[in-house]
Structures are given as C-alpha cells and as structure tokens.
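Content type CSV, C-alpha atoms, from the file final19.csv:
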```csv
chain,number,residue,atom,x,y,z
O,1460,MET,CA,96.9,76.9,93.4
O,1461,HIS,CA,94.0,77.0,90.9
O,1462,ARG,CA,91.7,78.4,93.5
O,1463,PHE,CA,92.6,81.9,92.4
O,1464,ALA,CA,92.7,81.2,88.7
O,1465,ASN,CA,89.5,83.1,88.2
O,1466,PRO,CA,90.5,86.8,87.8
O,1467,ALA,CA,87.4,88.0,89.8
O,1468,ARG,CA,88.2,85.7,92.7
O,1469,PHE,CA,91.9,86.8,92.6
O,1470,LEU,CA,91.0,90.5,92.6
O,1471,LYS,CA,88.7,90.0,95.6
O,1472,PHE,CA,91.6,88.6,97.4
O,1473,ALA,CA,94.3,90.9,96.0
O,1474,ARG,CA,92.6,94.3,96.7
O,1475,PRO,CA,92.7,94.1,100.5
O,1476,LEU,CA,96.0,92.2,100.6
O,1477,THR,CA,97.7,95.0,98.7
O,1478,ALA,CA,97.1,97.4,101.5
O,1479,TRP,CA,97.9,94.8,104.2
O,1480,LEU,CA,101.3,94.4,102.5
O,1481,PHE,CA,102.0,98.0,101.6
O,1482,TRP,CA,101.5,99.9,104.9
O,1483,PRO,CA,103.4,97.4,107.2
O,1484,GLY,CA,106.2,97.3,104.6
O,1485,LEU,CA,106.5,101.0,104.5
O,1486,ILE,CA,106.5,101.3,108.3
O,1487,LEU,CA,109.2,98.6,108.6
O,1488,LEU,CA,111.3,100.2,105.8
O,1489,LEU,CA,111.2,103.6,107.4
O,1490,ALA,CA,111.9,102.3,110.8
O,1491,GLY,CA,114.9,100.2,109.6
O,1492,ALA,CA,116.3,103.0,107.4
O,1493,GLY,CA,116.0,105.5,110.2
O,1494,CYS,CA,117.7,103.2,112.7
O,1495,GLY,CA,120.4,102.3,110.2
O,1496,LEU,CA,121.1,106.0,109.5
O,1497,PHE,CA,120.8,107.5,113.0
O,1498,VAL,CA,121.1,104.8,115.6
O,1499,THR,CA,123.6,102.2,114.6
O,1500,PRO,CA,127.4,103.1,114.9
O,1501,ALA,CA,129.7,103.5,112.0
O,1502,ASP,CA,131.8,100.6,111.0
O,1503,TYR,CA,135.4,100.6,112.3
O,1504,LEU,CA,136.8,100.0,108.8
O,1505,GLN,CA,134.1,101.3,106.3
O,1506,GLY,CA,132.9,104.2,108.4
O,1507,ASP,CA,129.5,105.6,107.5
O,1508,THR,CA,129.5,104.0,104.1
O,1509,VAL,CA,128.5,100.8,105.7
O,1510,ARG,CA,125.0,102.2,106.1
O,1511,ILE,CA,124.3,101.7,102.4
O,1512,LEU,CA,123.9,98.0,103.2
O,1513,TYR,CA,120.4,98.7,104.5
O,1514,ILE,CA,119.4,99.5,100.9
O,1515,HIS,CA,121.9,97.4,98.9
O,1516,VAL,CA,121.3,94.0,100.5
O,1517,PRO,CA,117.5,94.1,100.2
O,1518,ALA,CA,117.8,95.3,96.6
O,1519,ALA,CA,120.1,92.4,95.7
O,1520,TRP,CA,117.8,90.0,97.5
O,1521,LEU,CA,114.7,91.3,95.6
O,1522,GLY,CA,116.6,91.4,92.3
O,1523,MET,CA,117.3,87.7,92.5
O,1524,GLY,CA,114.0,86.9,94.2
O,1525,GLY,CA,112.1,88.7,91.4
O,1526,TRP,CA,113.7,86.6,88.7
O,1527,THR,CA,113.0,83.4,90.8
O,1528,GLY,CA,109.4,84.5,90.9
O,1529,ILE,CA,109.4,85.0,87.1
O,1530,ALA,CA,110.8,81.5,86.7
O,1531,LEU,CA,108.2,80.0,89.0
O,1532,ALA,CA,105.4,81.8,87.1
O,1533,ALA,CA,106.8,80.6,83.8
O,1534,LEU,CA,106.8,77.0,85.1
O,1535,MET,CA,103.2,77.3,86.2
O,1536,GLN,CA,102.3,78.8,82.8
O,1537,LEU,CA,104.0,76.1,80.7
O,1538,VAL,CA,103.3,73.0,82.9
O,1539,TRP,CA,100.0,73.7,84.7
O,1540,ARG,CA,98.6,76.3,82.3
O,1541,HIS,CA,97.7,78.6,85.2
O,1542,PRO,CA,95.8,81.5,83.6
O,1543,LEU,CA,97.3,84.1,86.0
O,1544,ALA,CA,100.9,82.9,85.8
O,1545,ALA,CA,101.7,84.9,82.7
O,1546,VAL,CA,100.2,88.0,84.3
O,1547,ALA,CA,102.2,87.4,87.4
O,1548,GLY,CA,105.5,87.1,85.5
O,1549,ARG,CA,104.9,90.3,83.6
O,1550,ALA,CA,104.0,92.1,86.9
O,1551,VAL,CA,107.2,91.0,88.6
O,1552,ALA,CA,109.6,92.0,85.8
O,1553,MET,CA,109.5,95.8,86.2
O,1554,PRO,CA,110.0,96.0,90.0
O,1555,GLY,CA,112.6,93.3,89.7
O,1556,ALA,CA,114.5,95.3,87.2
O,1557,PHE,CA,114.2,98.4,89.4
O,1558,PHE,CA,115.7,96.7,92.5
O,1559,THR,CA,118.4,95.1,90.4
O,1560,ALA,CA,119.4,98.6,89.2
O,1561,ILE,CA,119.3,99.9,92.7
O,1562,CYS,CA,121.6,97.1,93.7
O,1563,LEU,CA,124.1,97.9,91.0
O,1564,ILE,CA,124.0,101.7,91.7
O,1565,THR,CA,124.4,101.3,95.5
O,1566,GLY,CA,127.1,98.7,95.0
O,1567,SER,CA,129.1,101.1,92.9
O,1568,ILE,CA,128.6,103.9,95.4
O,1569,TRP,CA,129.7,101.6,98.2
O,1570,GLY,CA,132.7,100.3,96.1
O,1571,ARG,CA,134.2,103.7,95.3
O,1572,PRO,CA,135.5,104.5,98.9
O,1573,THR,CA,135.8,100.8,100.0
O,1574,TRP,CA,137.6,99.3,97.0
O,1575,GLY,CA,138.8,102.4,95.3
O,1576,THR,CA,136.8,101.8,92.1
O,1577,TRP,CA,133.3,102.3,90.9
O,1578,TRP,CA,133.2,99.1,89.0
O,1579,GLU,CA,135.1,95.8,88.6
O,1580,TRP,CA,134.4,93.0,86.2
O,1581,ASP,CA,134.4,90.3,88.9
O,1582,GLY,CA,131.9,87.4,89.1
O,1583,ARG,CA,129.3,88.9,91.5
O,1584,MET,CA,129.0,92.3,89.8
O,1585,THR,CA,129.1,91.0,86.3
O,1586,SER,CA,126.5,88.3,86.9
O,1587,MET,CA,124.3,90.9,88.6
O,1588,LEU,CA,124.6,93.2,85.6
O,1589,VAL,CA,123.7,90.2,83.4
O,1590,LEU,CA,120.6,89.8,85.5
O,1591,PHE,CA,119.6,93.4,84.8
O,1592,PHE,CA,119.9,92.9,81.1
O,1593,LEU,CA,117.9,89.7,81.4
O,1594,TYR,CA,115.1,91.7,83.0
O,1595,LEU,CA,115.3,94.2,80.1
O,1596,GLY,CA,115.0,91.4,77.6
O,1597,TYR,CA,112.1,89.8,79.4
O,1598,ILE,CA,110.3,93.2,79.6
O,1599,ALA,CA,110.8,93.7,75.9
O,1600,LEU,CA,109.5,90.3,75.0
O,1601,ALA,CA,106.5,90.6,77.4
O,1602,ASN,CA,105.6,94.0,75.9
O,1603,ALA,CA,105.8,92.6,72.4
O,1604,SER,CA,103.5,89.8,73.5
O,1605,ALA,CA,101.0,92.3,74.9
O,1606,ARG,CA,101.0,94.3,71.7
O,1607,GLN,CA,100.0,91.1,69.9
O,1608,GLY,CA,97.0,90.7,72.0
O,1609,ASN,CA,98.2,88.2,74.7
O,1610,GLY,CA,97.1,89.0,78.2
O,1611,GLY,CA,100.3,88.2,79.9
O,1612,VAL,CA,103.4,86.7,78.2
O,1613,SER,CA,103.9,84.3,75.4
O,1614,PRO,CA,105.4,80.8,75.8
O,1615,VAL,CA,108.6,82.1,74.3
O,1616,THR,CA,108.8,84.7,77.0
O,1617,ALA,CA,108.1,82.1,79.7
O,1618,ILE,CA,110.9,79.9,78.3
O,1619,PHE,CA,113.2,82.9,78.4
O,1620,GLY,CA,112.3,83.4,82.1
O,1621,LEU,CA,113.1,79.7,82.9
O,1622,VAL,CA,116.4,79.8,81.0
O,1623,GLY,CA,117.4,83.1,82.7
O,1624,ALA,CA,117.1,81.4,86.1
O,1625,ILE,CA,120.4,79.7,85.5
O,1626,ASN,CA,122.0,83.1,86.4
O,1627,ILE,CA,120.6,83.1,89.9
O,1628,PRO,CA,122.8,80.3,91.4
O,1629,ILE,CA,125.7,81.9,89.5
O,1630,ILE,CA,125.1,85.2,91.3
O,1631,ASN,CA,124.8,83.4,94.6
O,1632,ARG,CA,128.0,81.3,94.3
O,1633,SER,CA,130.1,83.7,92.3
O,1634,VAL,CA,132.1,85.0,95.3
O,1635,LEU,CA,133.0,81.4,96.1
O,1636,TRP,CA,133.7,80.1,92.6
O,1637,TRP,CA,136.0,83.0,91.5
O,1638,ASN,CA,138.5,85.3,93.0
O,1639,SER,CA,136.3,88.3,93.7
O,1640,LEU,CA,136.7,91.9,94.8
O,1641,HIS,CA,133.2,91.6,96.3
O,1642,GLN,CA,133.2,90.3,99.9
O,1643,GLY,CA,132.0,86.8,100.6
O,1644,PRO,CA,128.6,85.8,102.0
O,1645,SER,CA,127.9,87.9,105.1
O,1646,ILE,CA,124.8,86.1,106.2
O,1647,THR,CA,124.5,82.3,105.9
O,1648,LEU,CA,122.7,79.5,107.7
O,1649,ARG,CA,125.6,79.2,110.1
O,1650,GLY,CA,125.3,82.9,111.2
O,1651,SER,CA,126.4,86.4,110.2
O,1652,SER,CA,129.8,88.0,109.9
O,1653,ILE,CA,128.1,91.4,110.4
O,1654,ASP,CA,128.3,92.8,113.9
O,1655,ALA,CA,125.0,92.6,115.8
O,1656,ALA,CA,125.1,96.4,116.4
O,1657,LEU,CA,124.9,96.9,112.7
O,1658,LEU,CA,122.8,93.9,111.7
O,1659,TRP,CA,119.5,94.4,113.4
O,1660,PRO,CA,118.0,97.2,111.3
O,1661,LEU,CA,118.8,95.1,108.2
O,1662,GLY,CA,116.0,92.8,109.2
O,1663,PHE,CA,113.5,95.7,109.2
O,1664,THR,CA,114.5,97.0,105.8
O,1665,LEU,CA,114.7,93.5,104.3
O,1666,VAL,CA,111.2,92.6,105.4
O,1667,GLY,CA,109.9,96.1,104.6
O,1668,PHE,CA,111.2,96.1,101.1
O,1669,THR,CA,109.9,92.5,100.5
O,1670,LEU,CA,106.4,93.5,101.6
O,1671,LEU,CA,106.5,96.6,99.4
O,1672,PHE,CA,107.7,94.5,96.5
O,1673,ALA,CA,104.8,92.0,96.9
O,1674,ALA,CA,102.3,94.9,97.2
O,1675,ILE,CA,103.7,96.5,93.9
O,1676,VAL,CA,103.4,93.1,92.1
O,1677,LEU,CA,99.8,92.8,93.2
O,1678,MET,CA,99.1,96.4,92.1
O,1679,ARG,CA,100.6,95.6,88.7
O,1680,MET,CA,98.7,92.4,88.3
O,1681,ARG,CA,95.5,94.2,89.1
O,1682,ALA,CA,96.4,96.9,86.5
O,1683,ILE,CA,97.2,94.4,83.9
O,1684,LEU,CA,94.0,92.5,84.4
O,1685,ALA,CA,92.0,95.7,84.3
O,1686,ARG,CA,93.8,96.7,81.0
O,1687,ASN,CA,93.1,93.2,79.6
O,1688,LYS,CA,89.4,93.6,80.5
O,1689,ILE,CA,89.1,97.0,78.8
O,1690,GLU,CA,90.9,95.7,75.6
O,1691,ALA,CA,88.6,92.6,75.5
O,1692,ARG,CA,85.6,94.9,75.8
O,1693,MET,CA,86.9,97.2,73.0
O,1694,GLN,CA,87.5,94.2,70.7
O,1695,ARG,CA,83.9,93.0,71.3
O,1696,LEU,CA,82.5,96.4,70.5
O,1697,ALA,CA,84.7,96.7,67.4
O,1698,ARG,CA,83.4,93.3,66.2
O,1699,GLY,CA,79.8,94.3,67.0
```
Output the file's structure in the form of structure tokens.
Amino acid sequence: MHRFANPARFLKFARPLTAWLFWPGLILLLAGAGCGLFVTPADYLQGDTVRILYIHVPAAWLGMGGWTGIALAALMQLVWRHPLAAVAGRAVAMPGAFFTAICLITGSIWGRPTWGTWWEWDGRMTSMLVLFFLYLGYIALANASARQGNGGVSPVTAIFGLVGAINIPIINRSVLWWNSLHQGPSITLRGSSIDAALLWPLGFTLVGFTLLFAAIVLMRMRAILARNKIEARMQRLARG
C-alpha cells in the first residue's frame, strides 16, 4: 500500500495506467451503448424506455462506489497516514458527484413514463439525493482545505467522508426496508430478473463506465499533485 506513497513513484505508475483504463473503457462503453440502443429488443412493458438502464445502472453503481472510495481513502488517511489518500479522496469526489447526478436525472426520465411521475420521495430516490448533497458538502470542505494550503483534504473532511458512508447501505437496502415505488434489486448474487436479451450490453457499459471513472480519478490525482508541486515551489520562491 505504501509502495506508491511517494508521488514520483505514483506518477510513474499512474501515467500509463490512465491510458490503459481510458481507451478500453471508452470502447466498451460505446459498444455497450450501441448494442443497447440498436440491437436489444424493447421491453414488453416499458418499451424503449428500458434502454436508459444502460446509463442509469452504471451511474448508480459509480455514485455509490465513488463514496465507498472516499470512505476508504479517509480511513487510510486517518489510520495509516497514507500521504496520497487525501489526494485520492479529493480526486474521487467530483466524478462521484457527476455520476450521482446522472443517476438522479436518468431515474427521473425513466420514472415519468414508467411510474407517471418525475419524482417520488421514497427510500431509494431520497437516499440517492442525500448522497448527491453529501458529495457537494465533501467537495466544499475539500476546496476549503485546499485554500488553506493542505494538499488533499483535512482530517475533518476525512471524518465527513467516513460518516457519510452510512448512507451507502441505506441506499442499497432501501427498496427492501420501506415500501418503495422503485423496483427491487434486479441483479443479485442469486441471479438477475432482467431478461438475458436485455442484460448482456449492461455488462459492457458497466465495465466501460467503471474503467473511465478510474481513469478520470487518476487524471485528477495527477492534476492535484501537479498543482501542489507548483504551489509549493511558489511558496519557496516567495520565502526566498
């Protein structure tokens, strides 16, 4: 874990890995989206609106996965004092918020013809909205920490990331704990309730979006480290 604690060593590893993640992710995403739009049949109940699942499901997955990454980075920062953990948490926050917003938007578009409403204050949708606001709060705290001269995020921001992780199992189990307009789990360890004719492109978009998400996080970490290096050099010049 501490092997890549040195920024120079991390950057040597991160630069080529960014491209290795980005281009396969983009190819898989385009292939999955193309097949989902033009190859798979329409659903017998939802019609063509079912095709939005190829964006909505990966967005929900990455919204929750992003905050899980923030919580893990916060744990590494607070317990093991990993020097790049704070940078990683800050790098994850913006794409995590973006995919959470995509999840909420596509869910509303899906819900209008399917449920007859753009929005319903049920457990799944409300807890996902709470996650989006948690992201905004984390980003605000991280930016305030950066303005104070910290390279990544402050311990207070890291604690916020850990506490906010309580919402992840709430999102996951909300459709089982409360009466919900949102459908129950479609994919579990026991199998999938989605017809195989519709399901297979979802694997492409899910993996594609995940690889792109990882590439974006690495790009943001590299940008933050470069900015920190420039700021440190400017401070040395000012003192000199």
### Interatomic distance, CA of Ile1653 (chain O) to CA of Leu1496 (chain O) (Å, one decimal)
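These atoms are spaced 16.2 Å apart.
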### Message
Would you compute the distance between CA of Pro1466 (chain O) and CA of Gly1484 (chain O)? Give it in Å to one decimal.
### Response
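Taking CA of Pro1466 (chain O) as the start and CA of Gly1484 (chain O) as the end point, the length is 25.3 Å.
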#### Entry: Straight-line distance linking CA of Phe1591 (chain O) with CA of Ala1533 (chain O), stated in Å to one decimal
18.1 Å
### Query
Residues at most 9 Å from Val1516 (chain O), counting all atoms listed in the file, excluding those fewer than 6 positions away in the same chain, as a list in words?
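Residues meeting the cut-off are Cys1562, Leu1661 and Leu1665 of chain O.
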### Task
List the neighbours of Gly1662 (chain O) out to 12 Å using all atoms listed in the file; skip same-chain residues closer than 5 positions along the sequence, and give me the result as a list of chain:residue names.
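Listing them by chain and then by number gives O:Gly1484, O:Leu1487, O:Leu1488, O:Leu1489, O:Ala1490, O:Gly1491, O:Ala1492, O:Cys1494, O:Gly1495, O:Leu1512, O:Tyr1513, O:Ile1514, O:Val1516, O:Pro1517, O:Ile1646, O:Ala1655, O:Leu1657, O:Gly1667, O:Phe1668, O:Thr1669.
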### Query
At most 12 Å from (103.6, 73.5, 79.1), file frame, all atoms listed in the file: which residues, as a ChimeraX atom specification?
/O:1532-1541,1544,1613-1615,1617-1618,1621
Region 1472-1510 of chain O near region 1567-1581 of chain O within 10 Å: what's each residue's closest atom pair and its distance in Å to one decimal, counting only C-alpha atoms, ordered by chain then ascending residue number, as a tab-separated table?
```
residue	atom	partner	partner_atom	distance
O:Leu1504	CA	O:Thr1573	CA	8.9
O:Gln1505	CA	O:Thr1573	CA	6.5
O:Gly1506	CA	O:Thr1573	CA	9.5
O:Thr1508	CA	O:Trp1569	CA	6.4
O:Val1509	CA	O:Trp1569	CA	7.6
O:Arg1510	CA	O:Trp1569	CA	9.2
```
### Summary
For His1515 (chain O), the closest of O:Leu1677, O:Ala1501, O:Leu1588, O:Ile1564 counting all atoms listed in the file is O:Ile1564
### Proximity to Ile1675 (chain O) - best of O:Phe1592, O:Tyr1597, O:Phe1481, O:Phe1469, all atoms listed in the file
O:Phe1481
#### Entry: Residue nearest Met1553 (chain O) - candidates O:Ser1586, O:Asn1602, O:Asn1687, O:Gln1607, atoms counted: all atoms listed in the file
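Comparing O:Ser1586, O:Asn1602, O:Asn1687, O:Gln1607 against Met1553 (chain O), the winner is O:Asn1602.
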### Query
Of the candidates O:Ile1598, O:Met1584, O:Ala1656, O:Leu1470, which one gets nearest to Val1498 (chain O) if we count all atoms listed in the file?
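Nearest to Val1498 (chain O): O:Ala1656.
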Within 12 Å of file point (94.3, 90.9, 95.5), counting all atoms listed in the file, expressed as a PDB file with C-alpha atoms, keeping the file's coordinate frame:
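Just written: result.pdb:
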```pdb
ATOM      1  CA  PHE O1463      92.600  81.900  92.400  1.00  0.00           C
ATOM      2  CA  ALA O1464      92.700  81.200  88.700  1.00  0.00           C
ATOM      3  CA  ASN O1465      89.500  83.100  88.200  1.00  0.00           C
ATOM      4  CA  PRO O1466      90.500  86.800  87.800  1.00  0.00           C
ATOM      5  CA  ALA O1467      87.400  88.000  89.800  1.00  0.00           C
ATOM      6  CA  ARG O1468      88.200  85.700  92.700  1.00  0.00           C
ATOM      7  CA  PHE O1469      91.900  86.800  92.600  1.00  0.00           C
ATOM      8  CA  LEU O1470      91.000  90.500  92.600  1.00  0.00           C
ATOM      9  CA  LYS O1471      88.700  90.000  95.600  1.00  0.00           C
ATOM     10  CA  PHE O1472      91.600  88.600  97.400  1.00  0.00           C
ATOM     11  CA  ALA O1473      94.300  90.900  96.000  1.00  0.00           C
ATOM     12  CA  ARG O1474      92.600  94.300  96.700  1.00  0.00           C
ATOM     13  CA  PRO O1475      92.700  94.100 100.500  1.00  0.00           C
ATOM     14  CA  LEU O1476      96.000  92.200 100.600  1.00  0.00           C
ATOM     15  CA  THR O1477      97.700  95.000  98.700  1.00  0.00           C
ATOM     16  CA  ALA O1478      97.100  97.400 101.500  1.00  0.00           C
ATOM     17  CA  TRP O1479      97.900  94.800 104.200  1.00  0.00           C
ATOM     18  CA  LEU O1480     101.300  94.400 102.500  1.00  0.00           C
ATOM     19  CA  ALA O1547     102.200  87.400  87.400  1.00  0.00           C
ATOM     20  CA  ALA O1673     104.800  92.000  96.900  1.00  0.00           C
ATOM     21  CA  ALA O1674     102.300  94.900  97.200  1.00  0.00           C
ATOM     22  CA  ILE O1675     103.700  96.500  93.900  1.00  0.00           C
ATOM     23  CA  VAL O1676     103.400  93.100  92.100  1.00  0.00           C
ATOM     24  CA  LEU O1677      99.800  92.800  93.200  1.00  0.00           C
ATOM     25  CA  MET O1678      99.100  96.400  92.100  1.00  0.00           C
ATOM     26  CA  ARG O1679     100.600  95.600  88.700  1.00  0.00           C
ATOM     27  CA  MET O1680      98.700  92.400  88.300  1.00  0.00           C
ATOM     28  CA  ARG O1681      95.500  94.200  89.100  1.00  0.00           C
ATOM     29  CA  ALA O1682      96.400  96.900  86.500  1.00  0.00           C
ATOM     30  CA  LEU O1684      94.000  92.500  84.400  1.00  0.00           C
TER      31      LEU O1684
END
```
### Task
Find the spatial neighbours of Gly1524 (chain O), counting all atoms listed in the file, within a cut-off of 8 Å - ignore same-chain residues fewer than 4 positions away - and output them as number ranges by chain.
O: 1520, 1528, 1555
### Test item: residues at most 10 Å from Thr1527 (chain O), only C-alpha atoms, excluding those fewer than 2 positions along its chain, as JSON, numbers by chain
{"O": [1521, 1522, 1523, 1524, 1525, 1529, 1530, 1531, 1532, 1533, 1548, 1551, 1555, 1620, 1621, 1623, 1624, 1625, 1627]}
